[in-house]
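As provided, upload.txt (compact mmCIF, C-alpha atoms) reads as follows.
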```txt
# COMPACT_ATOMS: atom_id res chain seq x y z
CA MET A 246 -39.87 -16.65 -11.38
CA GLU A 247 -41.61 -13.38 -12.21
CA VAL A 248 -42.04 -12.61 -8.50
CA ASN A 249 -38.31 -13.16 -7.94
CA PHE A 250 -37.50 -10.88 -10.88
CA LYS A 251 -39.77 -8.13 -9.52
CA LYS A 252 -38.18 -8.48 -6.08
CA GLN A 253 -34.68 -8.16 -7.54
CA LEU A 254 -35.77 -5.20 -9.62
CA ALA A 255 -37.27 -3.48 -6.55
CA GLU A 256 -34.06 -4.11 -4.57
CA ARG A 257 -31.91 -2.69 -7.33
CA LEU A 258 -34.18 0.32 -7.69
CA GLU A 259 -33.95 0.93 -3.94
CA PHE A 260 -30.16 0.62 -4.14
CA VAL A 261 -29.95 3.08 -7.05
CA ASN A 262 -32.22 5.53 -5.22
CA SER A 263 -30.03 5.32 -2.12
CA LEU A 264 -26.97 6.02 -4.26
CA LEU A 265 -28.68 9.02 -5.84
CA LYS A 266 -29.62 10.35 -2.42
CA GLU A 267 -26.06 9.92 -1.17
CA MET A 268 -24.73 11.61 -4.30
CA LYS A 269 -27.01 14.62 -3.73
CA GLU A 270 -25.85 14.86 -0.11
CA LYS A 271 -22.19 14.71 -1.18
CA GLU A 272 -22.86 17.35 -3.83
CA LYS A 273 -24.31 19.68 -1.17
CA GLU A 274 -21.33 19.04 1.09
CA PHE A 275 -18.93 19.78 -1.76
CA GLU A 276 -20.76 22.99 -2.70
CA GLU A 277 -20.60 24.15 0.92
CA TYR A 278 -16.90 23.28 1.08
CA CYS A 279 -16.24 25.27 -2.12
CA ARG A 280 -18.27 28.21 -0.83
CA GLN A 281 -16.31 28.26 2.43
CA ALA A 282 -13.00 27.88 0.59
CA GLU A 283 -13.87 30.90 -1.57
CA ILE A 284 -14.73 32.94 1.53
CA ASP A 285 -11.43 31.93 3.13
CA ARG A 286 -9.50 32.74 -0.04
CA LYS A 287 -11.03 36.22 -0.23
CA PHE A 288 -10.35 36.82 3.45
CA ILE A 289 -6.68 35.85 3.11
CA TYR A 290 -6.33 37.98 -0.02
CA ASN A 291 -7.84 40.99 1.74
CA GLN A 292 -5.59 40.46 4.76
CA LYS A 293 -2.54 40.43 2.48
CA ILE A 294 -3.64 43.70 0.88
CA ILE A 295 -4.25 45.30 4.28
CA ASN A 296 -0.84 44.17 5.54
CA TRP A 297 0.82 45.46 2.38
CA MET A 298 -0.91 48.84 2.77
CA ILE A 299 0.13 49.07 6.43
CA ARG A 300 3.77 48.25 5.60
CA ASN A 301 3.87 50.77 2.76
CA ASN A 302 2.25 53.43 4.91
CA LYS A 303 4.90 52.92 7.63
CA LYS A 304 7.69 53.17 5.05
CA LYS A 305 6.26 56.44 3.71
CA LYS A 306 6.05 57.91 7.22
CA LYS A 307 9.68 56.96 7.92
CA LYS A 308 10.84 58.60 4.69
CA SER A 309 8.88 61.78 5.32
CA ASN A 310 10.16 62.15 8.93
CA PRO A 311 13.94 62.52 8.69
```

Rewritten as structure tokens:
Amino acid sequence: MEVNFKKQLAERLEFVNSLLKEMKEKEKEFEEYCRQAEIDRKFIYNQKIINWMIRNNKKKKKKSNP
């Protein structure tokens, strides 16, 4: 009976360790996803600012050249 208990305990410990390993892998994947999303967000924001500046610059040139 004690041998069976130790075997079950070892199996459960192995299962828990595999879950912890998987959780760490998913955490790394999520962190990478968040990092990339932040890079993309900043890129899009900067593109919007650049486009806004270009549009405003064209409007100013049209107003100054009658």

So how many Å separate atom CA of Lys271 of chain A and atom CA of Ala255 of chain A, to one decimal?
-> 24.2 Å

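For the pair atom CA of Phe250 of chain A and atom CA of Lys266 of chain A, the separation is 24.2 Å.
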
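In this structure, atom CA of Leu265 of chain A sits 18.3 Å away from atom CA of Gln253 of chain A.
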
All file atoms of segment 261-272 of chain A boxed axis-aligned, 6 Å per side, centre plus edges, as AutoDock Vina command-line options:
```
--center_x -27.2 --center_y 10.2 --center_z -3.6 --size_x 22.0 --size_y 26.3 --size_z 18.9
```
